[in-house]
Each structure stands twice: as structure tokens, then as C-alpha cells.
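Chemist: Quick one, structure.cif (mmCIF, C-alpha atoms):
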data_run
loop_
_atom_site.group_PDB
_atom_site.id
_atom_site.type_symbol
_atom_site.label_atom_id
_atom_site.label_comp_id
_atom_site.auth_asym_id
_atom_site.auth_seq_id
_atom_site.Cartn_x
_atom_site.Cartn_y
_atom_site.Cartn_z
ATOM 1 C CA MET A 34 -116.687 119.682 -21.005
ATOM 2 C CA ARG A 35 -113.478 121.665 -20.439
ATOM 3 C CA PHE A 36 -112.529 119.291 -17.660
ATOM 4 C CA PHE A 37 -112.866 116.280 -19.982
ATOM 5 C CA ARG A 38 -110.750 117.974 -22.682
ATOM 6 C CA PHE A 39 -108.129 118.851 -20.080
ATOM 7 C CA ALA A 40 -108.157 115.286 -18.689
ATOM 8 C CA ALA A 41 -107.912 113.797 -22.198
ATOM 9 C CA ALA A 42 -105.016 116.134 -23.032
ATOM 10 C CA LEU A 43 -103.278 115.209 -19.779
ATOM 11 C CA VAL A 44 -103.644 111.483 -20.485
ATOM 12 C CA PHE A 45 -102.383 111.980 -24.061
ATOM 13 C CA CYS A 46 -99.344 113.998 -22.905
ATOM 14 C CA SER A 47 -98.548 111.452 -20.196
ATOM 15 C CA ALA A 48 -98.703 108.617 -22.719
ATOM 16 C CA MET A 49 -96.391 110.551 -25.073
ATOM 17 C CA ALA A 50 -93.908 111.202 -22.257
ATOM 18 C CA VAL A 51 -93.817 107.512 -21.300
ATOM 19 C CA SER A 52 -93.360 106.389 -24.905
ATOM 20 C CA ALA A 53 -90.579 108.968 -25.410
ATOM 21 C CA GLN A 54 -88.689 107.467 -22.472
ATOM 22 C CA SER A 55 -89.225 103.876 -23.500
ATOM 23 C CA PRO A 56 -86.166 102.551 -25.396
ATOM 24 C CA ALA A 57 -88.310 100.375 -27.680
ATOM 25 C CA ALA A 58 -90.410 103.333 -28.804
ATOM 26 C CA HIS A 59 -87.512 105.755 -29.215
ATOM 27 C CA PRO A 60 -86.369 106.217 -32.825
ATOM 28 C CA ASN A 61 -82.697 106.002 -31.771
ATOM 29 C CA ALA A 62 -83.178 102.863 -29.686
ATOM 30 C CA GLY A 63 -79.976 100.902 -29.747
ATOM 31 C CA ALA A 64 -77.869 103.945 -30.658
ATOM 32 C CA ASN A 65 -74.575 104.726 -28.965
ATOM 33 C CA THR A 66 -74.688 107.476 -26.361
ATOM 34 C CA SER A 67 -72.293 110.035 -24.922
ATOM 35 C CA VAL A 68 -71.356 110.715 -21.318
ATOM 36 C CA TYR A 69 -69.054 113.520 -20.265
ATOM 37 C CA SER A 70 -66.427 113.802 -17.551
ATOM 38 C CA SER A 71 -64.525 116.868 -16.415
ATOM 39 C CA LEU A 72 -60.866 117.588 -17.125
ATOM 40 C CA ASP A 73 -61.033 120.881 -15.231
ATOM 41 C CA PRO A 74 -58.082 121.093 -12.801
ATOM 42 C CA LYS A 75 -60.493 122.392 -10.137
ATOM 43 C CA THR A 76 -62.470 119.123 -10.186
ATOM 44 C CA CYS A 77 -59.514 116.754 -10.594
ATOM 45 C CA LYS A 78 -57.106 115.611 -7.906
ATOM 46 C CA THR A 79 -53.447 116.630 -8.150
ATOM 47 C CA LEU A 80 -51.178 113.598 -7.751
ATOM 48 C CA LYS A 81 -47.834 115.322 -8.121
ATOM 49 C CA VAL A 82 -46.245 118.630 -8.964
ATOM 50 C CA LEU A 83 -42.632 118.942 -10.060
ATOM 51 C CA ARG A 84 -42.087 122.699 -9.827
ATOM 52 C CA GLU A 85 -38.453 122.608 -11.002
ATOM 53 C CA GLU A 86 -39.512 120.811 -14.178
ATOM 54 C CA GLY A 87 -42.798 122.708 -14.597
ATOM 55 C CA ALA A 88 -44.719 119.443 -14.626
ATOM 56 C CA SER A 89 -47.797 118.075 -12.919
ATOM 57 C CA GLU A 90 -50.098 115.081 -12.956
ATOM 58 C CA GLN A 91 -53.790 115.145 -12.107
ATOM 59 C CA VAL A 92 -56.301 112.327 -11.960
ATOM 60 C CA CYS A 93 -59.831 112.973 -13.179
ATOM 61 C CA PRO A 94 -62.749 110.568 -12.774
ATOM 62 C CA GLY A 95 -64.020 108.978 -15.962
ATOM 63 C CA VAL A 96 -66.865 106.515 -16.450
ATOM 64 C CA ALA A 97 -67.335 102.799 -15.686
ATOM 65 C CA GLY A 98 -64.293 102.700 -13.407
ATOM 66 C CA PHE A 99 -61.949 104.423 -15.877
ATOM 67 C CA GLU A 100 -59.817 107.391 -14.839
ATOM 68 C CA LEU A 101 -58.013 109.992 -16.879
ATOM 69 C CA ARG A 102 -54.595 111.243 -15.858
ATOM 70 C CA VAL A 103 -53.744 114.623 -17.296
ATOM 71 C CA LEU A 104 -49.984 114.989 -17.591
ATOM 72 C CA ASP A 105 -48.630 118.504 -18.032
ATOM 73 C CA GLY A 106 -44.985 119.144 -18.798
ATOM 74 C CA ASP A 107 -43.201 121.918 -20.675
ATOM 75 C CA SER A 108 -46.560 123.530 -21.570
ATOM 76 C CA ARG A 109 -47.733 120.334 -23.274
ATOM 77 C CA GLN A 110 -50.549 118.157 -22.010
ATOM 78 C CA THR A 111 -51.462 114.582 -22.741
ATOM 79 C CA ILE A 112 -53.761 112.000 -21.232
ATOM 80 C CA THR A 113 -53.196 108.527 -19.885
ATOM 81 C CA VAL A 114 -56.330 106.390 -19.659
ATOM 82 C CA VAL A 115 -56.352 104.153 -16.580
ATOM 83 C CA SER A 116 -58.615 101.129 -16.988
ATOM 84 C CA PRO A 117 -60.623 99.692 -14.091
ATOM 85 C CA ASP A 118 -57.958 96.993 -13.573
ATOM 86 C CA GLY A 119 -55.303 99.704 -13.115
ATOM 87 C CA ARG A 120 -53.562 99.319 -16.485
ATOM 88 C CA GLN A 121 -52.282 102.609 -17.877
ATOM 89 C CA HIS A 122 -52.673 103.521 -21.540
ATOM 90 C CA PRO A 123 -50.726 106.678 -22.522
ATOM 91 C CA LEU A 124 -52.263 108.498 -25.492
ATOM 92 C CA ARG A 125 -49.049 110.477 -26.232
ATOM 93 C CA TYR A 126 -50.657 113.510 -27.858
ATOM 94 C CA GLN A 127 -47.234 115.107 -28.437
ATOM 95 C CA GLU A 128 -46.295 112.136 -30.668
ATOM 96 C CA VAL A 129 -49.540 111.484 -32.580
ATOM 97 C CA VAL A 130 -51.134 114.955 -32.738
ATOM 98 C CA SER A 131 -48.482 117.675 -32.452
ATOM 99 C CA PRO A 132 -45.203 118.286 -30.606
ATOM 100 C CA ASN A 133 -46.132 121.954 -30.120
ATOM 101 C CA PHE A 134 -47.392 123.622 -26.944
ATOM 102 C CA ASN A 135 -50.945 122.527 -26.203
ATOM 103 C CA SER A 136 -53.672 122.138 -23.608
ATOM 104 C CA VAL A 137 -56.627 119.784 -23.251
ATOM 105 C CA GLY A 138 -60.186 121.092 -23.232
ATOM 106 C CA PRO A 139 -62.346 121.213 -20.100
ATOM 107 C CA ARG A 140 -64.138 117.894 -20.607
ATOM 108 C CA ALA A 141 -63.910 114.450 -22.165
ATOM 109 C CA GLU A 142 -66.660 112.757 -24.146
ATOM 110 C CA TRP A 143 -66.994 109.022 -23.585
ATOM 111 C CA ARG A 144 -68.920 107.127 -26.243
ATOM 112 C CA LEU A 145 -70.854 104.180 -24.795
ATOM 113 C CA ALA A 146 -71.986 101.226 -26.888
ATOM 114 C CA ALA A 147 -75.708 100.907 -27.477
ATOM 115 C CA GLY A 148 -77.455 99.912 -24.260
ATOM 116 C CA GLY A 149 -74.127 99.543 -22.513
ATOM 117 C CA LYS A 150 -72.279 101.224 -19.747
ATOM 118 C CA VAL A 151 -68.795 100.394 -20.982
ATOM 119 C CA PRO A 152 -67.012 103.024 -23.089
ATOM 120 C CA ILE A 153 -65.861 102.217 -26.614
ATOM 121 C CA ALA A 154 -64.260 105.589 -27.374
ATOM 122 C CA LEU A 155 -62.954 108.773 -25.794
ATOM 123 C CA THR A 156 -62.856 112.192 -27.454
ATOM 124 C CA VAL A 157 -60.865 115.100 -26.034
ATOM 125 C CA ARG A 158 -60.367 118.589 -27.454
ATOM 126 C CA LEU A 159 -56.708 119.548 -27.796
ATOM 127 C CA ASN A 160 -55.814 123.201 -28.391
ATOM 128 C CA VAL A 161 -52.407 123.501 -30.062
ATOM 129 C CA SER A 162 -50.168 126.529 -30.581
ATOM 130 C CA GLU A 163 -48.930 125.719 -34.093
ATOM 131 C CA ASP A 164 -47.653 129.166 -35.085
ATOM 132 C CA SER A 165 -44.413 130.007 -33.254
ATOM 133 C CA ALA A 166 -44.653 133.614 -34.511
ATOM 134 C CA ASN A 167 -48.086 133.929 -32.893
ATOM 135 C CA PRO A 168 -48.198 131.475 -29.936
ATOM 136 C CA SER A 169 -51.569 132.739 -28.701
ATOM 137 C CA LYS A 170 -53.209 131.613 -31.962
ATOM 138 C CA LEU A 171 -54.539 128.106 -31.311
ATOM 139 C CA THR A 172 -55.629 125.323 -33.620
ATOM 140 C CA SER A 173 -58.270 123.116 -32.051
ATOM 141 C CA TYR A 174 -58.471 119.364 -32.674
ATOM 142 C CA LEU A 175 -60.817 116.629 -31.534
ATOM 143 C CA VAL A 176 -58.714 113.590 -30.670
ATOM 144 C CA VAL A 177 -60.637 110.306 -30.804
ATOM 145 C CA ALA A 178 -59.259 107.255 -29.007
ATOM 146 C CA ARG A 179 -60.456 103.659 -29.109
ATOM 147 C CA VAL A 180 -61.168 102.202 -25.662
ATOM 148 C CA ASP A 181 -61.303 98.423 -25.365
ATOM 149 C CA ALA A 182 -60.143 95.708 -22.997
ATOM 150 C CA GLU A 183 -56.786 95.243 -24.701
ATOM 151 C CA ASN A 184 -55.811 98.526 -26.237
ATOM 152 C CA VAL A 185 -56.514 102.212 -25.782
ATOM 153 C CA CYS A 186 -55.030 104.390 -28.502
ATOM 154 C CA VAL A 187 -55.633 107.452 -30.663
ATOM 155 C CA VAL A 188 -57.317 106.508 -33.962
ATOM 156 C CA LYS A 189 -58.255 109.889 -35.467
ATOM 157 C CA VAL A 190 -57.374 113.583 -35.153
ATOM 158 C CA ILE A 191 -60.019 115.964 -36.525
ATOM 159 C CA GLN A 192 -59.353 119.664 -37.007
ATOM 160 C CA SER A 193 -62.091 121.866 -35.606
ATOM 161 C CA SER A 194 -64.868 122.803 -38.029
ATOM 162 C CA ALA A 195 -68.632 123.176 -38.035
ATOM 163 C CA SER A 196 -69.010 119.420 -38.574
ATOM 164 C CA ALA A 197 -66.072 118.202 -36.440
ATOM 165 C CA LEU A 198 -68.197 117.052 -33.493
ATOM 166 C CA ASP A 199 -70.491 114.989 -35.717
ATOM 167 C CA GLU A 200 -67.462 113.536 -37.499
ATOM 168 C CA ALA A 201 -65.811 112.648 -34.173
ATOM 169 C CA ARG A 202 -68.957 110.881 -32.974
ATOM 170 C CA GLY A 203 -69.170 108.994 -36.278
ATOM 171 C CA VAL A 204 -65.564 107.872 -35.856
ATOM 172 C CA ALA A 205 -66.229 106.931 -32.229
ATOM 173 C CA ASP A 206 -69.220 104.827 -33.261
ATOM 174 C CA HIS A 207 -67.022 102.791 -35.645
ATOM 175 C CA VAL A 208 -63.794 102.912 -33.675
ATOM 176 C CA SER A 209 -63.364 99.140 -33.334
ATOM 177 C CA ALA A 210 -62.542 98.871 -37.047
ATOM 178 C CA MET A 211 -59.848 101.564 -36.907
ATOM 179 C CA SER A 212 -56.105 101.186 -36.461
ATOM 180 C CA CYS A 213 -54.063 103.089 -33.907
ATOM 181 C CA LEU A 214 -52.236 106.154 -35.248
ATOM 182 C CA LYS A 215 -48.485 105.825 -35.423
ATOM 183 C CA PRO A 216 -46.251 108.535 -33.976
ATOM 184 C CA ALA A 217 -45.424 111.275 -36.484
ATOM 185 C CA SER A 218 -41.868 111.093 -37.777
#
Would you encode the structure as C-alpha cells?
Modeler:
Amino acid sequence: MRFFRFAAALVFCSAMAVSAQSPAAHPNAGANTSVYSSLDPKTCKTLKVLREEGASEQVCPGVAGFELRVLDGDSRQTITVVSPDGRQHPLRYQEVVSPNFNSVGPRAEWRLAAGGKVPIALTVRLNVSEDSANPSKLTSYLVVARVDAENVCVVKVIQSSASALDEARGVADHVSAMSCLKPAS
């Protein structure tokens, strides 16, 4: 009798596992998904270093043939998205987020359209030193960029909070309807 209960439980659990993996049975079927890529200098390839100018450029693998170039100059970092066809799309964080000293976080979140493998958005954490009297005090932002065949640009800057990640994903899921941010004056 125990054997039959065990076998029935095993069959039931196996059926549940299969249905949980099946896109049609999953409650979020058709939902956008996230994939991450590293921006850690240890995992990226250095393209150039200009020691006299204190600048460097590293290339980090992205997803679906995209690459991210992390440009570092004068203690400010920004990203240029390189599309699979080689076109470069500078995000210009110092113009649309903050001109202050900053650094990018250790990873990038790519938002993929439902069922797709092509990214529709990119979110990167940017840590900014906004208080010149206390330069070690950082303000953290999530910077959301639209990624499409014609244009890659920053559409939203979200200050860190308990709900910032959910807000950034919500923006990323509706990024096609958003306009590019203009440089701050």
C-alpha cells in the first residue's frame, strides 16, 4: 500500500513539474522576462586605457548579439550599446542622469519581449556622488533604456527605493511608448 501511495505521489509531482515548465500552463505565459549580463571589469575585455587622461573602455558581452561598452573617464562612467550590426548607441549618463562622479553597477538587466530572445530594454544601476561635501555618499539610480532596431536611448531614471526594481521593470515592459530623455540643461 505504501508503495502505491509513493508511486501515486511521484506521478502527481512529476505531472506538476511538467505543467510548471510548460509555457501554456504557466500563469505568466507570454510575460516579458529578464536576462542579466556582467559589467564587472574582471569579466569584460579592456579595449583601451588612456593613463594620462585617466580613461578606459571595456567591452562586456550582452544578449542576442548586443555588447555593452563601459566608458570610464574623469571618474564618470557611461555605457554605449553596440547592436549586432555594429552600430553604437551612446547612453550619455553624464548628460541625462547626472554630471557628477559616478560608477555603473556590477550587472545589466536586459528585458526580453514575451517569448522572444531580442531585448526591448536595458536597465543599469548608476551610483552617483551628488554631495561634493561628502563624495563617498552615493545616490543610486536605475537607468532604463529603450532598445530597438532604430534607437537606443535612456527613457527613465528611477531613484533607488524599495519599489525601484519593480518600477524599472514596469517601465521596461512599456518602453516602446516612451520618449528618449533630453540632456539636462
Chemist: Neighbourhood query: residues within 12 Å of (-44.9, 118.8, -32.8), file coordinates, counting only C-alpha atoms; return as number ranges by chain.
Modeler: A: 109, 125-135, 161-165, 216-218
Chemist: Hey, can you check how far atom CA of A:Gly119 sits from atom CA of A:Ser212?
Modeler: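 Distance reported for this atom pair: 23.4 Å.
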Chemist: Pick out the residues sitting within 10 Å of A:Glu200, and hand them over as a PyMOL selection string; count only C-alpha atoms, and ignore anything fewer than 6 positions along from it in its own chain.
Modeler: chain A and resi 175+191+194+206
Chemist: Find the residues near stretch 179-190 of chain A: any atom within 7 Å, counting only C-alpha atoms, skip ones fewer than 3 places away on the same chain, and give them as a ChimeraX atom specification.
Modeler: /A:122,124,130,152-155,174-176,208-209,211-214
Chemist: Residues picked by the PyMOL selection byres ((chain A and resi 160) around 6) here, as an mmCIF file with C-alpha atoms, in the coordinates of the input?
Modeler:
data_model
loop_
_atom_site.group_PDB
_atom_site.id
_atom_site.type_symbol
_atom_site.label_atom_id
_atom_site.label_comp_id
_atom_site.auth_asym_id
_atom_site.auth_seq_id
_atom_site.Cartn_x
_atom_site.Cartn_y
_atom_site.Cartn_z
ATOM 1 C CA ASN A 135 -50.945 122.527 -26.203
ATOM 2 C CA SER A 136 -53.672 122.138 -23.608
ATOM 3 C CA LEU A 159 -56.708 119.548 -27.796
ATOM 4 C CA VAL A 161 -52.407 123.501 -30.062
ATOM 5 C CA LEU A 171 -54.539 128.106 -31.311
ATOM 6 C CA THR A 172 -55.629 125.323 -33.620
ATOM 7 C CA SER A 173 -58.270 123.116 -32.051
#
Chemist: Report as a list in words all protein, DNA and RNA residues lying within 9 Å of A:Gly138, evaluated on all atoms listed in the file, omitting residues in the same chain fewer than 3 positions from it.
Modeler: Leu72, Asp73, Ala141, Val157, Arg158, Leu159 and Asn160 of chain A
Chemist: Which of these, A:Val103, A:Gly149, A:Pro94, A:Pro123, has the shortest distance to A:Tyr69 once you count all atoms listed in the file?
Modeler: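 For A:Tyr69, the nearest of the given residues is A:Pro94.
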Chemist: So the first atom is atom CA of A:Ser196 and the second is atom CA of A:Thr66; what is the distance between them in Å, to one decimal place?
Modeler: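 Value for the atom CA of A:Ser196-atom CA of A:Thr66 distance: 18.0 Å.
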Chemist: Tell me which of A:Ala178, A:Ala197, A:Leu80, A:Leu145 sits closest to A:Val96, counting all atoms listed in the file.
Modeler: A:Leu145
Chemist: Could you jot down the atom CA of A:Val92 to atom CA of A:Val177 separation for me, Å, one decimal place?
Modeler: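 Distance between the two atoms: 19.4 Å.
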Chemist: Between A:Glu142, A:Asp199, A:Asp118, A:Glu86, which one has atoms that come closest to A:Asp105, using all atoms listed in the file?
Modeler: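 With all atoms listed in the file as the atom set, the closest residue is A:Glu86.
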Chemist: My list of candidates is A:Arg202, A:Gln192, A:Pro168, A:Gly87. Which is closest to A:Ala146 when distances are computed with all atoms listed in the file?
Modeler: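 Once distances to A:Ala146 are computed over all atoms listed in the file, the minimum belongs to A:Arg202.
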Chemist: Between A:Val137, A:Val115, A:Leu101, A:Ala195, which one has atoms that come closest to A:Lys78, using all atoms listed in the file?
Modeler: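 Checking each candidate against A:Lys78, we get A:Leu101 as the closest.
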